[in-house]
Structure formats: C-alpha cells, structure tokens
file coords13.pdb (PDB, C-alpha atoms)
ATOM      1  CA  SER A   1     180.285  64.636  56.187
ATOM      2  CA  CYS A   2     183.906  63.641  55.630
ATOM      3  CA  LEU A   3     184.994  65.568  58.713
ATOM      4  CA  ARG A   4     182.150  64.146  60.793
ATOM      5  CA  GLU A   5     183.100  60.594  59.848
ATOM      6  CA  SER A   6     186.864  61.108  60.102
ATOM      7  CA  GLY A   7     187.182  60.564  63.866
ATOM      8  CA  LEU A   8     189.581  63.522  63.855
ATOM      9  CA  THR A   9     191.044  64.293  67.298
ATOM     10  CA  LEU A  10     193.878  66.699  66.367
ATOM     11  CA  TRP A  11     193.620  69.672  63.999
ATOM     12  CA  VAL A  12     196.899  70.997  62.500
ATOM     13  CA  SER A  13     196.985  73.998  60.147
ATOM     14  CA  THR A  14     197.978  77.602  59.713
ATOM     15  CA  PRO A  15     195.703  80.119  61.469
ATOM     16  CA  SER A  16     194.646  81.614  58.121
ATOM     17  CA  PHE A  17     193.203  78.272  57.004
ATOM     18  CA  ALA A  18     191.172  78.012  60.225
ATOM     19  CA  GLU A  19     189.926  81.564  59.654
ATOM     20  CA  LEU A  20     188.471  80.406  56.340
ATOM     21  CA  CYS A  21     186.792  77.466  58.051
ATOM     22  CA  VAL A  22     185.101  79.569  60.739
ATOM     23  CA  GLN A  23     183.399  81.595  58.018
ATOM     24  CA  SER A  24     181.093  78.599  57.679
ATOM     25  CA  GLY A  25     178.413  78.280  60.335
ATOM     26  CA  ALA A  26     178.709  74.501  60.031
ATOM     27  CA  PHE A  27     182.245  74.529  61.439
ATOM     28  CA  VAL A  28     181.341  73.606  65.025
ATOM     29  CA  GLN A  29     182.001  70.834  67.568
ATOM     30  CA  GLU A  30     179.092  68.764  66.258
ATOM     31  CA  LEU A  31     180.825  68.578  62.861
ATOM     32  CA  ILE A  32     184.000  67.109  64.410
ATOM     33  CA  PRO A  33     182.733  65.627  67.682
ATOM     34  CA  HIS A  34     185.987  63.879  68.645
ATOM     35  CA  LEU A  35     188.228  66.915  68.093
ATOM     36  CA  ARG A  36     190.167  67.677  71.264
ATOM     37  CA  GLN A  37     193.064  69.892  70.212
ATOM     38  CA  PHE A  38     193.948  72.620  67.708
ATOM     39  CA  LEU A  39     197.626  72.971  66.866
ATOM     40  CA  PHE A  40     198.600  76.039  64.823
ATOM     41  CA  CYS A  41     201.939  76.897  63.284
ATOM     42  CA  GLY A  42     203.617  79.270  60.887
ATOM     43  CA  GLU A  43     201.620  82.460  61.477
ATOM     44  CA  VAL A  44     200.303  84.770  64.162
ATOM     45  CA  LEU A  45     197.248  83.374  65.974
ATOM     46  CA  THR A  46     194.787  86.225  66.558
ATOM     47  CA  HIS A  47     192.544  86.680  69.581
ATOM     48  CA  THR A  48     189.573  86.899  67.203
ATOM     49  CA  LEU A  49     190.220  83.416  65.855
ATOM     50  CA  CYS A  50     190.839  82.019  69.346
ATOM     51  CA  ASP A  51     187.541  83.449  70.577
ATOM     52  CA  ALA A  52     185.638  82.034  67.597
ATOM     53  CA  LEU A  53     187.148  78.560  68.016
ATOM     54  CA  ALA A  54     186.614  78.553  71.783
ATOM     55  CA  GLU A  55     182.944  79.350  71.263
ATOM     56  CA  ARG A  56     182.410  76.736  68.567
ATOM     57  CA  PHE A  57     184.599  73.997  70.060
ATOM     58  CA  PRO A  58     184.107  74.218  73.828
ATOM     59  CA  HIS A  59     185.623  70.776  74.416
ATOM     60  CA  SER A  60     188.841  71.410  72.455
ATOM     61  CA  VAL A  61     192.177  72.887  73.519
ATOM     62  CA  ILE A  62     193.878  75.501  71.351
ATOM     63  CA  ASN A  63     197.637  75.183  71.543
ATOM     64  CA  VAL A  64     200.267  76.849  69.371
ATOM     65  CA  THR A  65     203.936  77.499  70.024
ATOM     66  CA  VAL A  66     205.922  79.447  67.425
ATOM     67  CA  THR A  67     209.646  79.234  68.093
ATOM     68  CA  ALA A  68     210.673  80.581  64.679
ATOM     69  CA  VAL A  69     213.014  83.538  64.229
ATOM     70  CA  GLY A  70     212.408  85.649  61.144
ATOM     71  CA  GLY A  71     215.011  85.089  58.442
ATOM     72  CA  GLU A  72     216.718  82.276  60.331
ATOM     73  CA  ASN A  73     218.105  79.254  58.501
ATOM     74  CA  SER A  74     218.202  75.651  59.660
ATOM     75  CA  LEU A  75     221.870  75.798  60.642
ATOM     76  CA  SER A  76     221.120  78.500  63.186
ATOM     77  CA  GLY A  77     217.839  76.882  64.237
ATOM     78  CA  ALA A  78     219.478  73.525  64.900
ATOM     79  CA  LYS A  79     221.790  75.131  67.459
ATOM     80  CA  ARG A  80     218.861  76.247  69.653
ATOM     81  CA  PHE A  81     216.519  73.364  68.840
ATOM     82  CA  GLY A  82     216.822  71.617  72.186
ATOM     83  CA  ARG A  83     216.562  74.781  74.254
ATOM     84  CA  ASP A  84     213.805  76.613  72.382
ATOM     85  CA  VAL A  85     211.741  73.802  70.845
ATOM     86  CA  LEU A  86     212.126  70.505  72.678
ATOM     87  CA  SER A  87     211.919  72.255  76.034
ATOM     88  CA  HIS A  88     208.195  72.778  75.365
ATOM     89  CA  ARG A  89     207.732  68.990  75.123
ATOM     90  CA  PRO A  90     205.612  69.274  71.941
ATOM     91  CA  TYR A  91     203.505  66.489  70.517
ATOM     92  CA  LEU A  92     204.209  67.548  66.925
ATOM     93  CA  ILE A  93     207.049  69.600  65.436
ATOM     94  CA  THR A  94     206.845  71.152  61.981
ATOM     95  CA  ILE A  95     210.153  72.156  60.383
ATOM     96  CA  ASP A  96     210.007  74.701  57.558
ATOM     97  CA  TYR A  97     213.348  76.388  56.963
ATOM     98  CA  GLY A  98     213.552  75.634  53.242
ATOM     99  CA  ARG A  99     213.268  79.176  51.879
ATOM    100  CA  ASN A 100     215.989  80.564  54.131
ATOM    101  CA  ASP A 101     218.386  77.687  53.493
ATOM    102  CA  MET A 102     219.242  78.807  49.954
ATOM    103  CA  PHE A 103     222.443  80.443  51.197
ATOM    104  CA  LEU A 104     223.753  77.332  52.983
ATOM    105  CA  THR A 105     225.922  74.633  51.486
ATOM    106  CA  GLU A 106     224.340  71.251  50.818
ATOM    107  CA  GLU A 107     226.377  69.715  53.640
ATOM    108  CA  GLN A 108     225.246  72.368  56.125
ATOM    109  CA  MET A 109     221.575  71.984  55.249
ATOM    110  CA  ARG A 110     221.622  68.189  55.281
ATOM    111  CA  GLY A 111     223.326  68.150  58.644
ATOM    112  CA  ALA A 112     220.961  70.638  60.266
ATOM    113  CA  TRP A 113     217.773  68.939  59.070
ATOM    114  CA  ARG A 114     219.172  65.531  60.035
ATOM    115  CA  ASP A 115     220.119  66.665  63.528
ATOM    116  CA  MET A 116     216.787  68.379  64.261
ATOM    117  CA  THR A 117     214.746  65.458  62.972
ATOM    118  CA  LYS A 118     216.756  62.925  64.965
ATOM    119  CA  GLU A 119     216.593  65.027  68.147
ATOM    120  CA  ALA A 120     212.827  65.381  67.808
ATOM    121  CA  LEU A 121     212.317  61.651  67.318
ATOM    122  CA  ASP A 122     214.644  60.818  70.206
ATOM    123  CA  ALA A 123     212.471  63.093  72.364
ATOM    124  CA  GLY A 124     209.350  61.147  71.351
ATOM    125  CA  CYS A 125     207.887  63.883  69.133
ATOM    126  CA  LYS A 126     206.020  63.498  65.879
ATOM    127  CA  VAL A 127     207.723  65.316  62.988
ATOM    128  CA  LEU A 128     206.360  66.947  59.831
ATOM    129  CA  LEU A 129     208.882  68.388  57.366
ATOM    130  CA  LEU A 130     207.892  71.003  54.778
ATOM    131  CA  THR A 131     209.574  71.626  51.441
ATOM    132  CA  PRO A 132     209.856  75.322  50.493
ATOM    133  CA  ALA A 133     207.061  77.450  49.077
ATOM    134  CA  PRO A 134     207.906  79.430  45.935
ATOM    135  CA  ASP A 135     209.197  82.974  45.822
ATOM    136  CA  SER A 136     209.510  85.489  42.994
ATOM    137  CA  GLY A 137     213.159  84.897  42.265
ATOM    138  CA  ALA A 138     216.178  87.045  43.004
ATOM    139  CA  ALA A 139     214.228  90.215  43.763
ATOM    140  CA  TYR A 140     215.513  90.463  47.336
ATOM    141  CA  TYR A 141     218.966  88.875  47.111
ATOM    142  CA  GLU A 142     221.945  88.675  44.777
ATOM    143  CA  GLU A 143     221.700  85.565  42.614
ATOM    144  CA  ASN A 144     225.420  84.832  42.997
ATOM    145  CA  GLU A 145     224.926  84.612  46.785
ATOM    146  CA  ARG A 146     222.579  81.659  46.439
ATOM    147  CA  ARG A 147     224.049  78.178  46.870
ATOM    148  CA  LEU A 148     220.997  75.907  46.708
ATOM    149  CA  THR A 149     218.088  75.884  44.271
ATOM    150  CA  ASP A 150     214.516  75.256  45.399
ATOM    151  CA  ALA A 151     214.655  71.848  43.731
ATOM    152  CA  LYS A 152     217.815  70.898  45.613
ATOM    153  CA  MET A 153     216.461  72.064  48.958
ATOM    154  CA  ALA A 154     213.260  70.101  48.362
ATOM    155  CA  GLU A 155     215.321  67.022  47.468
ATOM    156  CA  ILE A 156     217.297  67.267  50.717
ATOM    157  CA  ILE A 157     214.117  67.586  52.774
ATOM    158  CA  ARG A 158     212.419  64.668  50.984
ATOM    159  CA  GLU A 159     215.467  62.478  51.544
ATOM    160  CA  THR A 160     215.534  63.429  55.234
ATOM    161  CA  ALA A 161     211.853  62.508  55.606
ATOM    162  CA  GLU A 162     212.466  59.185  53.858
ATOM    163  CA  ARG A 163     215.544  58.401  55.924
ATOM    164  CA  PHE A 164     213.806  58.960  59.251
ATOM    165  CA  GLN A 165     210.326  57.845  58.105
ATOM    166  CA  VAL A 166     208.597  61.060  59.184
ATOM    167  CA  GLY A 167     205.829  63.127  57.622
ATOM    168  CA  LEU A 168     206.492  65.225  54.529
ATOM    169  CA  ALA A 169     204.315  68.110  53.350
ATOM    170  CA  ASP A 170     205.708  68.501  49.838
ATOM    171  CA  VAL A 171     204.781  72.153  49.310
ATOM    172  CA  HIS A 172     207.400  72.610  46.581
ATOM    173  CA  GLY A 173     206.117  69.652  44.583
ATOM    174  CA  THR A 174     202.516  70.817  44.870
ATOM    175  CA  PHE A 175     203.287  74.318  43.586
ATOM    176  CA  GLU A 176     205.469  72.967  40.790
ATOM    177  CA  ARG A 177     202.518  70.925  39.543
ATOM    178  CA  LEU A 178     200.331  74.043  39.606
ATOM    179  CA  PHE A 179     202.921  76.010  37.620
ATOM    180  CA  ALA A 180     203.141  73.176  35.096
ATOM    181  CA  GLN A 181     199.368  73.530  34.608
ATOM    182  CA  GLY A 182     199.806  77.184  33.651
ATOM    183  CA  HIS A 183     199.306  78.947  36.981
ATOM    184  CA  ASN A 184     201.526  81.947  37.776
ATOM    185  CA  ARG A 185     203.584  82.569  40.885
ATOM    186  CA  SER A 186     201.857  85.931  41.321
ATOM    187  CA  GLU A 187     198.562  84.130  42.018
ATOM    188  CA  TYR A 188     199.956  82.838  45.304
ATOM    189  CA  ALA A 189     202.299  85.640  46.428
ATOM    190  CA  ALA A 190     201.634  88.379  48.963
ATOM    191  CA  SER A 191     205.189  89.671  48.501
ATOM    192  CA  VAL A 192     208.327  88.521  46.730
ATOM    193  CA  ASN A 193     209.000  85.828  49.327
ATOM    194  CA  HIS A 194     205.747  85.271  51.264
ATOM    195  CA  PRO A 195     202.545  83.506  50.140
ATOM    196  CA  ASN A 196     199.144  85.170  50.135
ATOM    197  CA  ARG A 197     195.998  83.617  51.582
ATOM    198  CA  GLN A 198     195.525  81.323  48.586
ATOM    199  CA  GLY A 199     199.139  80.222  48.883
ATOM    200  CA  HIS A 200     198.691  79.553  52.594
ATOM    201  CA  GLU A 201     195.587  77.488  51.866
ATOM    202  CA  ILE A 202     197.632  75.238  49.581
ATOM    203  CA  ILE A 203     200.358  74.888  52.221
ATOM    204  CA  ALA A 204     197.750  74.086  54.881
ATOM    205  CA  ASP A 205     196.200  71.450  52.615
ATOM    206  CA  CYS A 206     199.608  69.803  52.221
ATOM    207  CA  MET A 207     199.944  69.684  55.999
ATOM    208  CA  MET A 208     196.390  68.502  56.614
ATOM    209  CA  GLU A 209     196.987  65.411  54.481
ATOM    210  CA  TRP A 210     199.071  64.139  57.404
ATOM    211  CA  VAL A 211     196.597  64.818  60.186
ATOM    212  CA  PRO A 212     195.119  61.283  60.167
ATOM    213  CA  TYR A 213     198.607  59.814  60.616
ATOM    214  CA  ILE A 214     200.173  61.972  63.330
TER     215      ILE A 214
END

call {"tool": "encode", "arguments": {"input": "coords13.pdb", "output": "structure tokens"}}
result
Amino acid sequence: SCLRESGLTLWVSTPSFAELCVQSGAFVQELIPHLRQFLFCGEVLTHTLCDALAERFPHSVINVTVTAVGGENSLSGAKRFGRDVLSHRPYLITIDYGRNDMFLTEEQMRGAWRDMTKEALDAGCKVLLLTPAPDSGAAYYEENERRLTDAKMAEIIRETAERFQVGLADVHGTFERLFAQGHNRSEYAASVNHPNRQGHEIIADCMMEWVPYI
C-alpha cells in the first residue's frame, strides 16, 4: 500500500534488489501505477530480470548505464568523468568509489569527489553519493599500503554531499550501526571485499531512501 500511495515515478536500485521484488506476484504496474522508469546501477542487469520487468511494467522504461571500471579509484574516474559519464546525459549519477579510495591521500580523494560532483551538477544531473560498504580487512592488500580508513573515507564523502547539497546514501554508517548491534561482517560478505545479497539489499535500501527526492 505504501508503494501504491507513493506516487513513485522513478525506481533506483541495484538489480539484485529488483530480483527480490519480482519474486512477489504483487510487484506489477498496478502496484506502482505512476512508475515510468527503472534506473539500475552497481551490478550486471540480466536479461531475465529485464524480461520480467518488461512484462510486469509495460508502461515503464528500463535504463541502466554502468561506466565503472573494476578496481578503479575516484582519482582515475574523475579524469574520464566528462567523456564516459556526462556524455550519456544521465538524469541521475551515483558515485561509489569509497572502497577503492583507501590507497589515495586525503587531498586526492577530496579533490576527485569534489570535481565529479561539481561537474555533474553543472551538467544539470542529480547526484547520489555512497559511503563505502565494509570489507573483511587487510586480506587482499598490505595494511601499510592503505592511507585512508573507512571512517575517513566516509567522512570525506559526507562532507562533499553536505557542501554541494546532494543526496547521500550512508552505507558505511548503516553497517556500522548493525555491527554495533552485534552483527558480524561475514553475514553480509560474498567475498573479502564484495557484499552478498543481504549486503546488497541494505545498500539498495540506503539508496531507495532518496528516491522520493531525486
């Protein structure tokens, strides 16, 4: 009933969250009658999910553009931002480099996130910044190579969102609250540095909080 009464016109999530939704027979156009567009990010969008959504939401457009490069940090991403991202003239841009920025200096990370956010706003795009999801520690890198902690990266991203008054999906803060309640990192990890389905659901929920405002 909440979805039916929401007046939702744009759906933003990871594909895995939408896959959970389509398991319910009630997830159809009649449930969200004003929905006109699906926007997916962060994961591979399968043909199976596209077919299911097209059948259930015949009046909606499915649109996803993934311009990410595996393992890339924000300093590298900022250099190709105009060419590879803004050239698509997106309505909404999500920026989620936090995990890979641990090897940058604070100055490098601040500058890259600032530049990308400003460029996106100057181009008339909506912006949603994500703080980093947790990993399992220094299992895949040398600890002495790391320059920024998760807390510091999250702080930089929060400050960037505040400075430019853009959306913030505080993934780091959400997981930290779960850990404080006694939950373990292993509950949400598919590998040492990637979330499992439950972890993705939490990330998608953080993003979906902003859907009414973007």

call {"tool": "residues_around", "arguments": {"input": "coords13.pdb", "residues": "stretch 167-175 of chain A", "least_positions_apart": "4", "cutoff": "7 Å", "atoms": "all atoms listed in the file", "output": "PyMOL selection string"}}
result
chain A and resi 127-134+154+158+161+179+203+206-207+210

call {"tool": "resolve_selection", "arguments": {"input": "coords13.pdb", "expression": "the PyMOL selection byres ((chain A and resi 56-71) around 7)", "output": "number ranges by chain"}}
result
A: 28-29, 35-42, 52-55, 72-73, 84-85, 100

call {"tool": "closest_residue", "arguments": {"input": "coords13.pdb", "among": "A:Trp11, A:Trp113, A:Tyr97, A:Phe81", "to": "A:Glu159", "atoms": "all atoms listed in the file"}}
result
A:Trp113

call {"tool": "resolve_selection", "arguments": {"input": "coords13.pdb", "expression": "the PyMOL selection byres ((chain A and resi 186) around 12)", "output": "mmCIF file with C-alpha atoms, in the coordinates of the input"}}
result
data_model
loop_
_atom_site.group_PDB
_atom_site.id
_atom_site.type_symbol
_atom_site.label_atom_id
_atom_site.label_comp_id
_atom_site.auth_asym_id
_atom_site.auth_seq_id
_atom_site.Cartn_x
_atom_site.Cartn_y
_atom_site.Cartn_z
ATOM 1 C CA PRO A 134 207.906 79.430 45.935
ATOM 2 C CA ASP A 135 209.197 82.974 45.822
ATOM 3 C CA SER A 136 209.510 85.489 42.994
ATOM 4 C CA GLY A 137 213.159 84.897 42.265
ATOM 5 C CA PHE A 175 203.287 74.318 43.586
ATOM 6 C CA PHE A 179 202.921 76.010 37.620
ATOM 7 C CA GLY A 182 199.806 77.184 33.651
ATOM 8 C CA HIS A 183 199.306 78.947 36.981
ATOM 9 C CA ASN A 184 201.526 81.947 37.776
ATOM 10 C CA ARG A 185 203.584 82.569 40.885
ATOM 11 C CA GLU A 187 198.562 84.130 42.018
ATOM 12 C CA TYR A 188 199.956 82.838 45.304
ATOM 13 C CA ALA A 189 202.299 85.640 46.428
ATOM 14 C CA ALA A 190 201.634 88.379 48.963
ATOM 15 C CA SER A 191 205.189 89.671 48.501
ATOM 16 C CA VAL A 192 208.327 88.521 46.730
ATOM 17 C CA ASN A 193 209.000 85.828 49.327
ATOM 18 C CA HIS A 194 205.747 85.271 51.264
ATOM 19 C CA PRO A 195 202.545 83.506 50.140
ATOM 20 C CA ASN A 196 199.144 85.170 50.135
ATOM 21 C CA GLN A 198 195.525 81.323 48.586
ATOM 22 C CA GLY A 199 199.139 80.222 48.883
#

call {"tool": "atom_distance", "arguments": {"input": "coords13.pdb", "atom1": "atom CA of A:Leu3", "atom2": "atom CA of A:Glu30"}}
result
10.1 Å

call {"tool": "resolve_selection", "arguments": {"input": "coords13.pdb", "expression": "the PyMOL selection byres ((chain A and resi 146) around 10)", "output": "list in words"}}
result
Asp101, Met102, Phe103, Leu104, Thr105, Ala138, Tyr141, Glu142, Glu143, Asn144, Glu145, Arg147, Leu148 and Thr149 of chain A

call {"tool": "decode", "arguments": {"input": "coords13.pdb", "residues": "stretch 92-105 of chain A", "atoms": "all heavy atoms", "output": "PDB file, in the first residue's frame"}}
result
ATOM      1  N   LEU A  92      20.375  10.898 -13.335  1.00  0.00           N
ATOM      2  CA  LEU A  92      20.932  10.674 -12.002  1.00  0.00           C
ATOM      3  C   LEU A  92      22.285   9.988 -12.122  1.00  0.00           C
ATOM      4  O   LEU A  92      22.446   9.046 -12.890  1.00  0.00           O
ATOM      5  CB  LEU A  92      19.988   9.798 -11.168  1.00  0.00           C
ATOM      6  CG  LEU A  92      20.540   9.251  -9.848  1.00  0.00           C
ATOM      7  CD1 LEU A  92      20.744  10.386  -8.840  1.00  0.00           C
ATOM      8  CD2 LEU A  92      19.625   8.178  -9.274  1.00  0.00           C
ATOM      9  N   ILE A  93      23.254  10.442 -11.322  1.00  0.00           N
ATOM     10  CA  ILE A  93      24.565   9.815 -11.255  1.00  0.00           C
ATOM     11  C   ILE A  93      24.821   9.352  -9.836  1.00  0.00           C
ATOM     12  O   ILE A  93      24.696  10.134  -8.889  1.00  0.00           O
ATOM     13  CB  ILE A  93      25.681  10.791 -11.685  1.00  0.00           C
ATOM     14  CG1 ILE A  93      25.494  11.224 -13.142  1.00  0.00           C
ATOM     15  CG2 ILE A  93      27.062  10.152 -11.503  1.00  0.00           C
ATOM     16  CD1 ILE A  93      26.476  12.296 -13.573  1.00  0.00           C
ATOM     17  N   THR A  94      25.153   8.071  -9.675  1.00  0.00           N
ATOM     18  CA  THR A  94      25.575   7.569  -8.370  1.00  0.00           C
ATOM     19  C   THR A  94      27.089   7.414  -8.387  1.00  0.00           C
ATOM     20  O   THR A  94      27.650   6.889  -9.351  1.00  0.00           O
ATOM     21  CB  THR A  94      24.919   6.211  -8.037  1.00  0.00           C
ATOM     22  OG1 THR A  94      25.312   5.235  -9.014  1.00  0.00           O
ATOM     23  CG2 THR A  94      23.403   6.333  -8.023  1.00  0.00           C
ATOM     24  N   ILE A  95      27.742   7.874  -7.338  1.00  0.00           N
ATOM     25  CA  ILE A  95      29.205   7.798  -7.243  1.00  0.00           C
ATOM     26  C   ILE A  95      29.564   6.941  -6.042  1.00  0.00           C
ATOM     27  O   ILE A  95      29.197   7.263  -4.903  1.00  0.00           O
ATOM     28  CB  ILE A  95      29.834   9.195  -7.135  1.00  0.00           C
ATOM     29  CG1 ILE A  95      29.418  10.062  -8.338  1.00  0.00           C
ATOM     30  CG2 ILE A  95      31.352   9.094  -7.055  1.00  0.00           C
ATOM     31  CD1 ILE A  95      29.965  11.484  -8.296  1.00  0.00           C
ATOM     32  N   ASP A  96      30.294   5.851  -6.294  1.00  0.00           N
ATOM     33  CA  ASP A  96      30.584   4.869  -5.243  1.00  0.00           C
ATOM     34  C   ASP A  96      31.997   4.328  -5.433  1.00  0.00           C
ATOM     35  O   ASP A  96      32.184   3.179  -5.808  1.00  0.00           O
ATOM     36  CB  ASP A  96      29.546   3.734  -5.304  1.00  0.00           C
ATOM     37  CG  ASP A  96      29.777   2.668  -4.252  1.00  0.00           C
ATOM     38  OD1 ASP A  96      30.447   2.965  -3.246  1.00  0.00           O
ATOM     39  OD2 ASP A  96      29.300   1.541  -4.443  1.00  0.00           O
ATOM     40  N   TYR A  97      32.975   5.173  -5.154  1.00  0.00           N
ATOM     41  CA  TYR A  97      34.372   4.759  -5.270  1.00  0.00           C
ATOM     42  C   TYR A  97      35.007   4.464  -3.910  1.00  0.00           C
ATOM     43  O   TYR A  97      36.185   4.122  -3.841  1.00  0.00           O
ATOM     44  CB  TYR A  97      35.205   5.864  -5.935  1.00  0.00           C
ATOM     45  CG  TYR A  97      35.088   5.933  -7.431  1.00  0.00           C
ATOM     46  CD1 TYR A  97      34.354   6.940  -8.038  1.00  0.00           C
ATOM     47  CD2 TYR A  97      35.741   5.015  -8.242  1.00  0.00           C
ATOM     48  CE1 TYR A  97      34.268   7.032  -9.420  1.00  0.00           C
ATOM     49  CE2 TYR A  97      35.655   5.089  -9.620  1.00  0.00           C
ATOM     50  CZ  TYR A  97      34.926   6.098 -10.200  1.00  0.00           C
ATOM     51  OH  TYR A  97      34.844   6.183 -11.568  1.00  0.00           O
ATOM     52  N   GLY A  98      34.251   4.628  -2.836  1.00  0.00           N
ATOM     53  CA  GLY A  98      34.823   4.623  -1.497  1.00  0.00           C
ATOM     54  C   GLY A  98      35.795   3.502  -1.203  1.00  0.00           C
ATOM     55  O   GLY A  98      36.903   3.732  -0.702  1.00  0.00           O
ATOM     56  N   ARG A  99      35.413   2.254  -1.511  1.00  0.00           N
ATOM     57  CA  ARG A  99      36.266   1.117  -1.175  1.00  0.00           C
ATOM     58  C   ARG A  99      37.622   1.187  -1.860  1.00  0.00           C
ATOM     59  O   ARG A  99      38.651   0.847  -1.262  1.00  0.00           O
ATOM     60  CB  ARG A  99      35.529  -0.184  -1.565  1.00  0.00           C
ATOM     61  CG  ARG A  99      36.325  -1.453  -1.460  1.00  0.00           C
ATOM     62  CD  ARG A  99      36.869  -1.685  -0.088  1.00  0.00           C
ATOM     63  NE  ARG A  99      35.848  -1.521   0.932  1.00  0.00           N
ATOM     64  CZ  ARG A  99      36.091  -1.068   2.151  1.00  0.00           C
ATOM     65  NH1 ARG A  99      37.314  -0.708   2.480  1.00  0.00           N
ATOM     66  NH2 ARG A  99      35.118  -0.946   3.041  1.00  0.00           N
ATOM     67  N   ASN A 100      37.666   1.634  -3.084  1.00  0.00           N
ATOM     68  CA  ASN A 100      38.926   1.661  -3.825  1.00  0.00           C
ATOM     69  C   ASN A 100      39.766   2.899  -3.547  1.00  0.00           C
ATOM     70  O   ASN A 100      40.890   3.000  -4.043  1.00  0.00           O
ATOM     71  CB  ASN A 100      38.653   1.569  -5.329  1.00  0.00           C
ATOM     72  CG  ASN A 100      38.051   0.238  -5.716  1.00  0.00           C
ATOM     73  OD1 ASN A 100      38.221  -0.762  -5.028  1.00  0.00           O
ATOM     74  ND2 ASN A 100      37.319   0.226  -6.815  1.00  0.00           N
ATOM     75  N   ASP A 101      39.239   3.826  -2.770  1.00  0.00           N
ATOM     76  CA  ASP A 101      39.968   5.062  -2.494  1.00  0.00           C
ATOM     77  C   ASP A 101      40.892   4.956  -1.284  1.00  0.00           C
ATOM     78  O   ASP A 101      41.543   5.931  -0.911  1.00  0.00           O
ATOM     79  CB  ASP A 101      38.992   6.223  -2.285  1.00  0.00           C
ATOM     80  CG  ASP A 101      38.491   6.798  -3.594  1.00  0.00           C
ATOM     81  OD1 ASP A 101      38.984   6.376  -4.653  1.00  0.00           O
ATOM     82  OD2 ASP A 101      37.594   7.663  -3.553  1.00  0.00           O
ATOM     83  N   MET A 102      40.960   3.791  -0.672  1.00  0.00           N
ATOM     84  CA  MET A 102      41.758   3.642   0.554  1.00  0.00           C
ATOM     85  C   MET A 102      43.247   3.889   0.324  1.00  0.00           C
ATOM     86  O   MET A 102      43.986   4.183   1.260  1.00  0.00           O
ATOM     87  CB  MET A 102      41.555   2.244   1.147  1.00  0.00           C
ATOM     88  CG  MET A 102      42.117   1.114   0.305  1.00  0.00           C
ATOM     89  SD  MET A 102      42.033  -0.488   1.145  1.00  0.00           S
ATOM     90  CE  MET A 102      40.289  -0.863   0.953  1.00  0.00           C
ATOM     91  N   PHE A 103      43.687   3.779  -0.921  1.00  0.00           N
ATOM     92  CA  PHE A 103      45.111   3.947  -1.217  1.00  0.00           C
ATOM     93  C   PHE A 103      45.459   5.363  -1.668  1.00  0.00           C
ATOM     94  O   PHE A 103      46.621   5.648  -1.963  1.00  0.00           O
ATOM     95  CB  PHE A 103      45.545   2.942  -2.289  1.00  0.00           C
ATOM     96  CG  PHE A 103      45.229   1.513  -1.927  1.00  0.00           C
ATOM     97  CD1 PHE A 103      44.300   0.781  -2.649  1.00  0.00           C
ATOM     98  CD2 PHE A 103      45.836   0.910  -0.828  1.00  0.00           C
ATOM     99  CE1 PHE A 103      43.999  -0.518  -2.309  1.00  0.00           C
ATOM    100  CE2 PHE A 103      45.544  -0.400  -0.482  1.00  0.00           C
ATOM    101  CZ  PHE A 103      44.614  -1.121  -1.216  1.00  0.00           C
ATOM    102  N   LEU A 104      44.457   6.236  -1.744  1.00  0.00           N
ATOM    103  CA  LEU A 104      44.700   7.640  -2.104  1.00  0.00           C
ATOM    104  C   LEU A 104      45.040   8.455  -0.868  1.00  0.00           C
ATOM    105  O   LEU A 104      44.773   8.046   0.263  1.00  0.00           O
ATOM    106  CB  LEU A 104      43.460   8.231  -2.776  1.00  0.00           C
ATOM    107  CG  LEU A 104      42.984   7.609  -4.079  1.00  0.00           C
ATOM    108  CD1 LEU A 104      41.756   8.371  -4.583  1.00  0.00           C
ATOM    109  CD2 LEU A 104      44.076   7.590  -5.136  1.00  0.00           C
ATOM    110  N   THR A 105      45.592   9.646  -1.097  1.00  0.00           N
ATOM    111  CA  THR A 105      45.746  10.584   0.010  1.00  0.00           C
ATOM    112  C   THR A 105      44.404  11.286   0.232  1.00  0.00           C
ATOM    113  O   THR A 105      43.525  11.279  -0.637  1.00  0.00           O
ATOM    114  CB  THR A 105      46.813  11.644  -0.300  1.00  0.00           C
ATOM    115  OG1 THR A 105      46.362  12.453  -1.406  1.00  0.00           O
ATOM    116  CG2 THR A 105      48.138  10.993  -0.654  1.00  0.00           C
TER     117      THR A 105
END
